[in-house]
>>> print(open('data-v9.tsv').read())   # TSV, N, CA and C atoms
chain	number	residue	atom	x	y	z
A	1	MET	N	0.85	-1.15	0.00
A	1	MET	CA	0.00	0.00	0.00
A	1	MET	C	0.91	1.24	0.00
A	2	ILE	N	0.63	2.17	-0.87
A	2	ILE	CA	1.41	3.40	-0.95
A	2	ILE	C	0.49	4.57	-0.66
A	3	CYS	N	0.88	5.41	0.26
A	3	CYS	CA	0.10	6.61	0.59
A	3	CYS	C	0.52	7.75	-0.31
A	4	GLU	N	-0.46	8.48	-0.80
A	4	GLU	CA	-0.16	9.63	-1.65
A	4	GLU	C	0.60	10.70	-0.87
A	5	ARG	N	0.22	10.91	0.38
A	5	ARG	CA	0.89	11.86	1.27
A	5	ARG	C	1.09	11.21	2.61
A	6	PHE	N	2.19	11.54	3.26
A	6	PHE	CA	2.43	10.99	4.59
A	6	PHE	C	1.72	11.86	5.61
A	7	VAL	N	0.63	11.35	6.13
A	7	VAL	CA	-0.12	12.00	7.21
A	7	VAL	C	-0.17	10.95	8.33
A	8	PRO	N	0.51	11.20	9.44
A	8	PRO	CA	0.65	10.18	10.48
A	8	PRO	C	-0.67	9.50	10.88
A	9	ARG	N	-1.69	10.28	11.14
A	9	ARG	CA	-2.97	9.71	11.55
A	9	ARG	C	-3.52	8.78	10.48
A	10	THR	N	-3.41	9.17	9.22
A	10	THR	CA	-3.89	8.34	8.11
A	10	THR	C	-3.09	7.05	8.03
A	11	VAL	N	-1.77	7.14	8.14
A	11	VAL	CA	-0.92	5.96	8.08
A	11	VAL	C	-1.26	4.99	9.21
A	12	LEU	N	-1.42	5.50	10.41
A	12	LEU	CA	-1.76	4.64	11.55
A	12	LEU	C	-3.12	3.97	11.36
A	13	ASN	N	-4.08	4.71	10.84
A	13	ASN	CA	-5.40	4.12	10.56
A	13	ASN	C	-5.31	3.03	9.50
A	14	LEU	N	-4.48	3.25	8.47
A	14	LEU	CA	-4.31	2.25	7.41
A	14	LEU	C	-3.63	0.98	7.94
A	15	ILE	N	-2.63	1.17	8.82
A	15	ILE	CA	-1.95	0.01	9.42
A	15	ILE	C	-2.96	-0.86	10.13
A	16	GLU	N	-3.81	-0.23	10.92
A	16	GLU	CA	-4.80	-1.00	11.70
A	16	GLU	C	-5.88	-1.60	10.79
A	17	ARG	N	-6.44	-0.80	9.91
A	17	ARG	CA	-7.57	-1.25	9.08
A	17	ARG	C	-7.17	-2.36	8.11
A	18	HIS	N	-5.99	-2.25	7.49
A	18	HIS	CA	-5.57	-3.20	6.47
A	18	HIS	C	-4.58	-4.24	6.98
A	19	ARG	N	-4.30	-4.21	8.29
A	19	ARG	CA	-3.38	-5.17	8.91
A	19	ARG	C	-2.04	-5.20	8.18
A	20	VAL	N	-1.48	-4.02	7.99
A	20	VAL	CA	-0.20	-3.86	7.30
A	20	VAL	C	0.87	-4.65	8.05
A	21	THR	N	1.73	-5.34	7.29
A	21	THR	CA	2.78	-6.16	7.90
A	21	THR	C	4.18	-5.56	7.78
A	22	THR	N	4.39	-4.69	6.77
A	22	THR	CA	5.73	-4.17	6.50
A	22	THR	C	5.66	-2.67	6.24
A	23	ILE	N	6.60	-1.96	6.84
A	23	ILE	CA	6.74	-0.51	6.58
A	23	ILE	C	8.18	-0.25	6.16
A	24	VAL	N	8.34	0.53	5.10
A	24	VAL	CA	9.66	1.03	4.70
A	24	VAL	C	9.52	2.54	4.67
A	25	ALA	N	10.27	3.21	5.54
A	25	ALA	CA	10.13	4.66	5.69
A	25	ALA	C	11.45	5.28	6.12
A	26	VAL	N	11.49	6.60	6.12
A	26	VAL	CA	12.68	7.30	6.61
A	26	VAL	C	12.54	7.48	8.12
A	27	PRO	N	13.65	7.61	8.84
A	27	PRO	CA	13.59	7.72	10.30
A	27	PRO	C	12.68	8.83	10.81
A	28	SER	N	12.63	9.96	10.13
A	28	SER	CA	11.77	11.04	10.62
A	28	SER	C	10.30	10.64	10.57
A	29	GLN	N	9.91	9.78	9.64
A	29	GLN	CA	8.52	9.29	9.60
A	29	GLN	C	8.25	8.36	10.78
A	30	TYR	N	9.21	7.51	11.12
A	30	TYR	CA	9.04	6.65	12.29
A	30	TYR	C	8.93	7.50	13.56
A	31	ARG	N	9.70	8.57	13.65
A	31	ARG	CA	9.65	9.45	14.82
A	31	ARG	C	8.27	10.08	14.96
A	32	VAL	N	7.72	10.58	13.85
A	32	VAL	CA	6.41	11.22	13.88
A	32	VAL	C	5.31	10.20	14.21
A	33	LEU	N	5.40	8.99	13.66
A	33	LEU	CA	4.42	7.96	13.98
A	33	LEU	C	4.45	7.62	15.47
A	34	ALA	N	5.64	7.53	16.04
A	34	ALA	CA	5.77	7.21	17.47
A	34	ALA	C	5.18	8.32	18.34
A	35	MET	N	5.26	9.56	17.89
A	35	MET	CA	4.79	10.69	18.68
A	35	MET	C	3.29	10.97	18.49
A	36	ASP	N	2.69	10.50	17.40
A	36	ASP	CA	1.29	10.78	17.13
A	36	ASP	C	0.39	10.09	18.16
A	37	PRO	N	-0.59	10.81	18.71
A	37	PRO	CA	-1.44	10.23	19.76
A	37	PRO	C	-2.56	9.32	19.25
A	38	THR	N	-2.71	9.17	17.94
A	38	THR	CA	-3.78	8.35	17.39
A	38	THR	C	-3.64	6.90	17.86
A	39	PRO	N	-4.69	6.33	18.47
A	39	PRO	CA	-4.63	4.93	18.88
A	39	PRO	C	-4.46	4.04	17.64
A	40	CYS	N	-3.67	2.97	17.77
A	40	CYS	CA	-3.44	2.09	16.62
A	40	CYS	C	-3.06	0.70	17.10
A	41	ASP	N	-3.77	-0.30	16.58
A	41	ASP	CA	-3.38	-1.69	16.81
A	41	ASP	C	-2.40	-2.04	15.71
A	42	ALA	N	-1.12	-2.08	16.05
A	42	ALA	CA	-0.07	-2.36	15.07
A	42	ALA	C	0.47	-3.78	15.23
A	43	SER	N	-0.33	-4.67	15.80
A	43	SER	CA	0.13	-6.03	16.05
A	43	SER	C	0.38	-6.82	14.77
A	44	SER	N	-0.12	-6.33	13.63
A	44	SER	CA	0.12	-7.01	12.35
A	44	SER	C	1.53	-6.77	11.83
A	45	LEU	N	2.20	-5.72	12.31
A	45	LEU	CA	3.54	-5.40	11.81
A	45	LEU	C	4.54	-6.48	12.18
A	46	TRP	N	5.41	-6.84	11.25
A	46	TRP	CA	6.49	-7.76	11.55
A	46	TRP	C	7.81	-7.32	10.96
A	47	LEU	N	7.81	-6.31	10.07
A	47	LEU	CA	9.05	-5.82	9.48
A	47	LEU	C	8.95	-4.32	9.26
A	48	CYS	N	9.83	-3.57	9.91
A	48	CYS	CA	9.88	-2.11	9.78
A	48	CYS	C	11.31	-1.74	9.42
A	49	ILE	N	11.51	-1.19	8.22
A	49	ILE	CA	12.85	-0.87	7.73
A	49	ILE	C	12.98	0.63	7.55
A	50	ALA	N	14.09	1.18	8.04
A	50	ALA	CA	14.37	2.61	7.87
A	50	ALA	C	15.56	2.79	6.94
A	51	GLY	N	15.49	3.80	6.12
A	51	GLY	CA	16.60	4.10	5.22
A	51	GLY	C	16.64	5.58	4.89
A	52	ALA	N	17.60	5.96	4.07
A	52	ALA	CA	17.77	7.32	3.53
A	52	ALA	C	18.48	8.28	4.49
A	53	GLU	N	18.54	7.96	5.76
A	53	GLU	CA	19.27	8.77	6.74
A	53	GLU	C	19.52	7.90	7.96
A	54	ARG	N	20.41	8.35	8.82
A	54	ARG	CA	20.73	7.58	10.03
A	54	ARG	C	19.51	7.48	10.93
A	55	LEU	N	19.29	6.30	11.50
A	55	LEU	CA	18.19	6.07	12.44
A	55	LEU	C	18.67	6.39	13.85
A	56	PRO	N	18.21	7.50	14.44
A	56	PRO	CA	18.63	7.81	15.81
A	56	PRO	C	18.13	6.75	16.79
A	57	ASP	N	18.95	6.45	17.79
A	57	ASP	CA	18.58	5.47	18.80
A	57	ASP	C	17.26	5.85	19.48
A	58	THR	N	17.06	7.16	19.73
A	58	THR	CA	15.83	7.59	20.40
A	58	THR	C	14.60	7.30	19.55
A	59	THR	N	14.70	7.49	18.25
A	59	THR	CA	13.57	7.21	17.36
A	59	THR	C	13.25	5.73	17.37
A	60	GLU	N	14.27	4.89	17.26
A	60	GLU	CA	14.05	3.44	17.27
A	60	GLU	C	13.43	3.01	18.60
A	61	ARG	N	13.93	3.55	19.69
A	61	ARG	CA	13.43	3.20	21.02
A	61	ARG	C	11.98	3.65	21.20
A	62	GLU	N	11.65	4.89	20.77
A	62	GLU	CA	10.29	5.40	20.93
A	62	GLU	C	9.29	4.60	20.08
A	63	PHE	N	9.67	4.25	18.85
A	63	PHE	CA	8.78	3.48	17.99
A	63	PHE	C	8.58	2.08	18.57
A	64	THR	N	9.66	1.45	19.01
A	64	THR	CA	9.58	0.11	19.59
A	64	THR	C	8.74	0.11	20.86
A	65	THR	N	8.90	1.13	21.69
A	65	THR	CA	8.12	1.24	22.92
A	65	THR	C	6.64	1.37	22.62
A	66	ARG	N	6.30	2.20	21.66
A	66	ARG	CA	4.89	2.43	21.35
A	66	ARG	C	4.24	1.25	20.63
A	67	PHE	N	4.93	0.68	19.63
A	67	PHE	CA	4.30	-0.33	18.78
A	67	PHE	C	4.78	-1.76	19.01
A	68	GLY	N	5.84	-1.93	19.80
A	68	GLY	CA	6.33	-3.27	20.10
A	68	GLY	C	7.10	-3.92	18.97
A	69	HIS	N	7.59	-3.13	18.03
A	69	HIS	CA	8.34	-3.66	16.88
A	69	HIS	C	9.58	-2.81	16.66
A	70	ALA	N	10.72	-3.46	16.54
A	70	ALA	CA	11.97	-2.74	16.29
A	70	ALA	C	12.00	-2.24	14.85
A	71	VAL	N	12.71	-1.14	14.64
A	71	VAL	CA	12.94	-0.61	13.30
A	71	VAL	C	14.34	-1.05	12.90
A	72	LEU	N	14.47	-1.68	11.75
A	72	LEU	CA	15.76	-2.16	11.28
A	72	LEU	C	16.38	-1.13	10.35
A	73	PRO	N	17.55	-0.57	10.71
A	73	PRO	CA	18.20	0.38	9.82
A	73	PRO	C	18.78	-0.34	8.61
A	74	GLY	N	18.62	0.26	7.46
A	74	GLY	CA	19.17	-0.30	6.24
A	74	GLY	C	20.03	0.73	5.52
A	75	TYR	N	20.80	0.26	4.58
A	75	TYR	CA	21.60	1.15	3.75
A	75	TYR	C	21.47	0.70	2.31
A	76	GLY	N	21.33	1.66	1.44
A	76	GLY	CA	21.26	1.34	0.02
A	76	GLY	C	21.16	2.60	-0.80
A	77	ALA	N	21.11	2.44	-2.08
A	77	ALA	CA	20.96	3.55	-3.02
A	77	ALA	C	20.35	2.99	-4.29
A	78	THR	N	19.70	3.84	-5.03
A	78	THR	CA	19.07	3.40	-6.27
A	78	THR	C	20.06	2.67	-7.16
A	79	GLU	N	21.29	3.14	-7.19
A	79	GLU	CA	22.30	2.55	-8.07
A	79	GLU	C	22.67	1.11	-7.69
A	80	VAL	N	22.37	0.70	-6.46
A	80	VAL	CA	22.72	-0.65	-6.03
A	80	VAL	C	21.49	-1.52	-5.80
A	81	SER	N	20.43	-1.15	-6.35
A	81	SER	CA	19.16	-1.87	-6.52
A	81	SER	C	18.48	-2.42	-5.28
A	82	PRO	N	17.93	-1.70	-4.44
A	82	PRO	CA	18.37	-0.50	-3.76
A	82	PRO	C	18.94	-0.77	-2.38
A	83	VAL	N	18.83	-2.01	-1.84
A	83	VAL	CA	19.30	-2.27	-0.48
A	83	VAL	C	20.61	-3.03	-0.51
A	84	VAL	N	21.57	-2.56	0.27
A	84	VAL	CA	22.88	-3.20	0.36
A	84	VAL	C	23.00	-3.99	1.66
A	85	SER	N	22.52	-3.40	2.77
A	85	SER	CA	22.67	-4.05	4.07
A	85	SER	C	21.51	-3.72	4.98
A	86	LEU	N	21.33	-4.57	6.00
A	86	LEU	CA	20.33	-4.35	7.04
A	86	LEU	C	20.94	-4.70	8.39
A	87	THR	N	20.50	-4.00	9.43
A	87	THR	CA	20.86	-4.36	10.79
A	87	THR	C	19.71	-5.18	11.34
A	88	PHE	N	19.98	-6.41	11.71
A	88	PHE	CA	18.93	-7.28	12.21
A	88	PHE	C	18.74	-7.10	13.70
A	89	ARG	N	17.64	-7.60	14.23
A	89	ARG	CA	17.25	-7.36	15.61
A	89	ARG	C	18.31	-7.77	16.63
A	90	ASN	N	19.09	-8.78	16.35
A	90	ASN	CA	20.06	-9.26	17.33
A	90	ASN	C	21.41	-8.55	17.21
A	91	GLU	N	21.52	-7.54	16.35
A	91	GLU	CA	22.77	-6.80	16.19
A	91	GLU	C	22.70	-5.48	16.94
A	92	SER	N	23.85	-4.95	17.31
A	92	SER	CA	23.87	-3.68	18.02
A	92	SER	C	23.49	-2.54	17.08
A	93	SER	N	22.96	-1.48	17.67
A	93	SER	CA	22.55	-0.33	16.87
A	93	SER	C	23.76	0.56	16.56
A	94	GLY	N	23.55	1.55	15.71
A	94	GLY	CA	24.59	2.51	15.41
A	94	GLY	C	25.38	2.22	14.16
A	95	HIS	N	25.00	1.19	13.41
A	95	HIS	CA	25.69	0.90	12.15
A	95	HIS	C	24.65	0.38	11.17
A	96	VAL	N	25.05	0.18	9.94
A	96	VAL	CA	24.10	-0.23	8.90
A	96	VAL	C	24.05	-1.73	8.67
A	97	GLY	N	24.63	-2.50	9.54
A	97	GLY	CA	24.49	-3.95	9.49
A	97	GLY	C	25.41	-4.65	8.52
A	98	LYS	N	25.06	-5.88	8.26
A	98	LYS	CA	25.87	-6.73	7.39
A	98	LYS	C	25.30	-6.72	5.98
A	99	PRO	N	26.17	-6.93	4.99
A	99	PRO	CA	25.67	-6.98	3.61
A	99	PRO	C	24.65	-8.10	3.44
A	100	LEU	N	23.67	-7.85	2.60
A	100	LEU	CA	22.70	-8.89	2.27
A	100	LEU	C	23.38	-9.95	1.42
A	101	PRO	N	22.82	-11.15	1.37
A	101	PRO	CA	23.42	-12.21	0.56
A	101	PRO	C	23.65	-11.74	-0.89
A	102	GLY	N	24.83	-12.05	-1.41
A	102	GLY	CA	25.16	-11.68	-2.78
A	102	GLY	C	25.80	-10.30	-2.93
A	103	ARG	N	25.87	-9.52	-1.84
A	103	ARG	CA	26.50	-8.20	-1.89
A	103	ARG	C	27.92	-8.29	-1.37
A	104	LYS	N	28.85	-7.61	-2.03
A	104	LYS	CA	30.24	-7.59	-1.58
A	104	LYS	C	30.63	-6.15	-1.33
A	105	LEU	N	31.20	-5.91	-0.16
A	105	LEU	CA	31.61	-4.57	0.23
A	105	LEU	C	33.09	-4.55	0.51
A	106	PRO	N	33.77	-3.43	0.17
A	106	PRO	CA	35.19	-3.32	0.49
A	106	PRO	C	35.38	-3.11	1.99
A	107	SER	N	36.60	-3.23	2.46
A	107	SER	CA	36.87	-2.99	3.88
A	107	SER	C	36.63	-1.52	4.20
A	108	ALA	N	36.37	-1.24	5.47
A	108	ALA	CA	36.07	0.12	5.89
A	108	ALA	C	37.27	1.04	5.76
A	109	THR	N	38.46	0.49	5.60
A	109	THR	CA	39.65	1.33	5.51
A	109	THR	C	39.87	1.89	4.11
A	110	MET	N	39.14	1.37	3.12
A	110	MET	CA	39.32	1.87	1.76
A	110	MET	C	38.71	3.26	1.62
A	111	MET	N	39.43	4.15	0.95
A	111	MET	CA	38.92	5.51	0.76
A	111	MET	C	37.75	5.54	-0.23
A	112	ASP	N	37.89	4.83	-1.31
A	112	ASP	CA	36.81	4.79	-2.30
A	112	ASP	C	35.89	3.63	-1.99
A	113	ARG	N	34.62	3.88	-1.95
A	113	ARG	CA	33.65	2.84	-1.64
A	113	ARG	C	33.09	2.28	-2.95
A	114	CYS	N	32.89	0.99	-2.98
A	114	CYS	CA	32.23	0.40	-4.13
A	114	CYS	C	31.39	-0.77	-3.66
A	115	VAL	N	30.29	-1.00	-4.35
A	115	VAL	CA	29.40	-2.11	-4.03
A	115	VAL	C	29.21	-2.91	-5.30
A	116	ARG	N	29.34	-4.22	-5.18
A	116	ARG	CA	29.11	-5.10	-6.33
A	116	ARG	C	27.86	-5.91	-6.09
>>> encode(input="data-v9.tsv", output="structure tokens")
Amino acid sequence: MICERFVPRTVLNLIERHRVTTIVAVPSQYRVLAMDPTPCDASSLWLCIAGAERLPDTTEREFTTRFGHAVLPGYGATEVSPVVSLTFRNESSGHVGKPLPGRKLPSATMMDRCVR
């Protein structure tokens, strides 16, 4: 389901009404959803992925506290079709996780970054 405009109350109502299972959003959207007072049964959610900017620990914590689901930070770009890595629930926060299967990344010490 794709919303024409991001309106927190509308998104929360859609999650509950349509039993949405997956959300892919930017961290600021997760922050606003966590702060919105609209009641929402989000028990259908099982995968919440954040991308496009760093996921602050406070945003992840507030969303998880409110909805009971962790937000997984991801990294990618359109040029790499589009996800390169994800941080899974059992990994520490503050980084973009391990490469997805089939992705090869250079060591962190290399100045030029490349993804295959």
>>> residues_around(input="data-v9.tsv", residues="region 32-45 of chain A", least_positions_apart="5", cutoff="6.5 Å", atoms="only N, CA and C atoms", output="VMD selection string")
chain A and resid 8 to 9 12 to 13 15 to 16 19 to 22 27 62 to 63 66 to 67
>>> atom_distance(input="data-v9.tsv", atom1="atom C of Phe6 (chain A)", atom2="CA of Asp57 (chain A)")
22.3 Å
>>> atom_distance(input="data-v9.tsv", atom1="CA of Cys48 (chain A)", atom2="CA of Gln29 (chain A)")
11.5 Å
>>> residues_around(input="data-v9.tsv", residues="Arg54 (chain A)", least_positions_apart="3", cutoff="8 Å", atoms="only N, CA and C atoms", output="list in words")
Val26, Pro27, Ser28, Ala50, Gly51, Asp57 and Pro73 of chain A
>>> write_last_selection(input="data-v9.tsv", atoms="N, CA and C atoms", output="PDB file, keeping the file's coordinate frame")
ATOM      1  N   VAL A  26      11.490   6.600   6.120  1.00  0.00           N
ATOM      2  CA  VAL A  26      12.680   7.300   6.610  1.00  0.00           C
ATOM      3  C   VAL A  26      12.540   7.480   8.120  1.00  0.00           C
ATOM      4  N   PRO A  27      13.650   7.610   8.840  1.00  0.00           N
ATOM      5  CA  PRO A  27      13.590   7.720  10.300  1.00  0.00           C
ATOM      6  C   PRO A  27      12.680   8.830  10.810  1.00  0.00           C
ATOM      7  N   SER A  28      12.630   9.960  10.130  1.00  0.00           N
ATOM      8  CA  SER A  28      11.770  11.040  10.620  1.00  0.00           C
ATOM      9  C   SER A  28      10.300  10.640  10.570  1.00  0.00           C
ATOM     10  N   ALA A  50      14.090   1.180   8.040  1.00  0.00           N
ATOM     11  CA  ALA A  50      14.370   2.610   7.870  1.00  0.00           C
ATOM     12  C   ALA A  50      15.560   2.790   6.940  1.00  0.00           C
ATOM     13  N   GLY A  51      15.490   3.800   6.120  1.00  0.00           N
ATOM     14  CA  GLY A  51      16.600   4.100   5.220  1.00  0.00           C
ATOM     15  C   GLY A  51      16.640   5.580   4.890  1.00  0.00           C
ATOM     16  N   ASP A  57      18.950   6.450  17.790  1.00  0.00           N
ATOM     17  CA  ASP A  57      18.580   5.470  18.800  1.00  0.00           C
ATOM     18  C   ASP A  57      17.260   5.850  19.480  1.00  0.00           C
ATOM     19  N   PRO A  73      17.550  -0.570  10.710  1.00  0.00           N
ATOM     20  CA  PRO A  73      18.200   0.380   9.820  1.00  0.00           C
ATOM     21  C   PRO A  73      18.780  -0.340   8.610  1.00  0.00           C
TER      22      PRO A  73
END
>>> atom_distance(input="data-v9.tsv", atom1="atom C of Ala52 (chain A)", atom2="CA of Arg17 (chain A)")
28.1 Å
>>> closest_residue(input="data-v9.tsv", among="A:Glu60, A:Arg5, A:Glu53, A:His69", to="Ala25 (chain A)", atoms="all atoms listed in the file")
A:Glu53
>>> decode(input="data-v9.tsv", residues="region 32-60 of chain A", atoms="N, CA and C atoms", output="compact mmCIF listing (two decimals), in the first residue's frame")
# COMPACT_ATOMS: atom_id res chain seq x y z
N VAL A 32 7.72 10.58 13.85
CA VAL A 32 6.41 11.22 13.88
C VAL A 32 5.31 10.20 14.21
N LEU A 33 5.40 8.99 13.66
CA LEU A 33 4.42 7.96 13.98
C LEU A 33 4.45 7.62 15.47
N ALA A 34 5.64 7.53 16.04
CA ALA A 34 5.77 7.21 17.47
C ALA A 34 5.18 8.32 18.34
N MET A 35 5.26 9.56 17.89
CA MET A 35 4.79 10.69 18.68
C MET A 35 3.29 10.97 18.49
N ASP A 36 2.69 10.50 17.40
CA ASP A 36 1.29 10.78 17.13
C ASP A 36 0.39 10.09 18.16
N PRO A 37 -0.59 10.81 18.71
CA PRO A 37 -1.44 10.23 19.76
C PRO A 37 -2.56 9.32 19.25
N THR A 38 -2.71 9.17 17.94
CA THR A 38 -3.78 8.35 17.39
C THR A 38 -3.64 6.90 17.86
N PRO A 39 -4.69 6.33 18.47
CA PRO A 39 -4.63 4.93 18.88
C PRO A 39 -4.46 4.04 17.64
N CYS A 40 -3.67 2.97 17.77
CA CYS A 40 -3.44 2.09 16.62
C CYS A 40 -3.06 0.70 17.10
N ASP A 41 -3.77 -0.30 16.58
CA ASP A 41 -3.38 -1.69 16.81
C ASP A 41 -2.40 -2.04 15.71
N ALA A 42 -1.12 -2.08 16.05
CA ALA A 42 -0.07 -2.36 15.07
C ALA A 42 0.47 -3.78 15.23
N SER A 43 -0.33 -4.67 15.80
CA SER A 43 0.13 -6.03 16.05
C SER A 43 0.38 -6.82 14.77
N SER A 44 -0.12 -6.33 13.63
CA SER A 44 0.12 -7.01 12.35
C SER A 44 1.53 -6.77 11.83
N LEU A 45 2.20 -5.72 12.31
CA LEU A 45 3.54 -5.40 11.81
C LEU A 45 4.54 -6.48 12.18
N TRP A 46 5.41 -6.84 11.25
CA TRP A 46 6.49 -7.76 11.55
C TRP A 46 7.81 -7.32 10.96
N LEU A 47 7.81 -6.31 10.07
CA LEU A 47 9.05 -5.82 9.48
C LEU A 47 8.95 -4.32 9.26
N CYS A 48 9.83 -3.57 9.91
CA CYS A 48 9.88 -2.11 9.78
C CYS A 48 11.31 -1.74 9.42
N ILE A 49 11.51 -1.19 8.22
CA ILE A 49 12.85 -0.87 7.73
C ILE A 49 12.98 0.63 7.55
N ALA A 50 14.09 1.18 8.04
CA ALA A 50 14.37 2.61 7.87
C ALA A 50 15.56 2.79 6.94
N GLY A 51 15.49 3.80 6.12
CA GLY A 51 16.60 4.10 5.22
C GLY A 51 16.64 5.58 4.89
N ALA A 52 17.60 5.96 4.07
CA ALA A 52 17.77 7.32 3.53
C ALA A 52 18.48 8.28 4.49
N GLU A 53 18.54 7.96 5.76
CA GLU A 53 19.27 8.77 6.74
C GLU A 53 19.52 7.90 7.96
N ARG A 54 20.41 8.35 8.82
CA ARG A 54 20.73 7.58 10.03
C ARG A 54 19.51 7.48 10.93
N LEU A 55 19.29 6.30 11.50
CA LEU A 55 18.19 6.07 12.44
C LEU A 55 18.67 6.39 13.85
N PRO A 56 18.21 7.50 14.44
CA PRO A 56 18.63 7.81 15.81
C PRO A 56 18.13 6.75 16.79
N ASP A 57 18.95 6.45 17.79
CA ASP A 57 18.58 5.47 18.80
C ASP A 57 17.26 5.85 19.48
N THR A 58 17.06 7.16 19.73
CA THR A 58 15.83 7.59 20.40
C THR A 58 14.60 7.30 19.55
N THR A 59 14.70 7.49 18.25
CA THR A 59 13.57 7.21 17.36
C THR A 59 13.25 5.73 17.37
N GLU A 60 14.27 4.89 17.26
CA GLU A 60 14.05 3.44 17.27
C GLU A 60 13.43 3.01 18.60
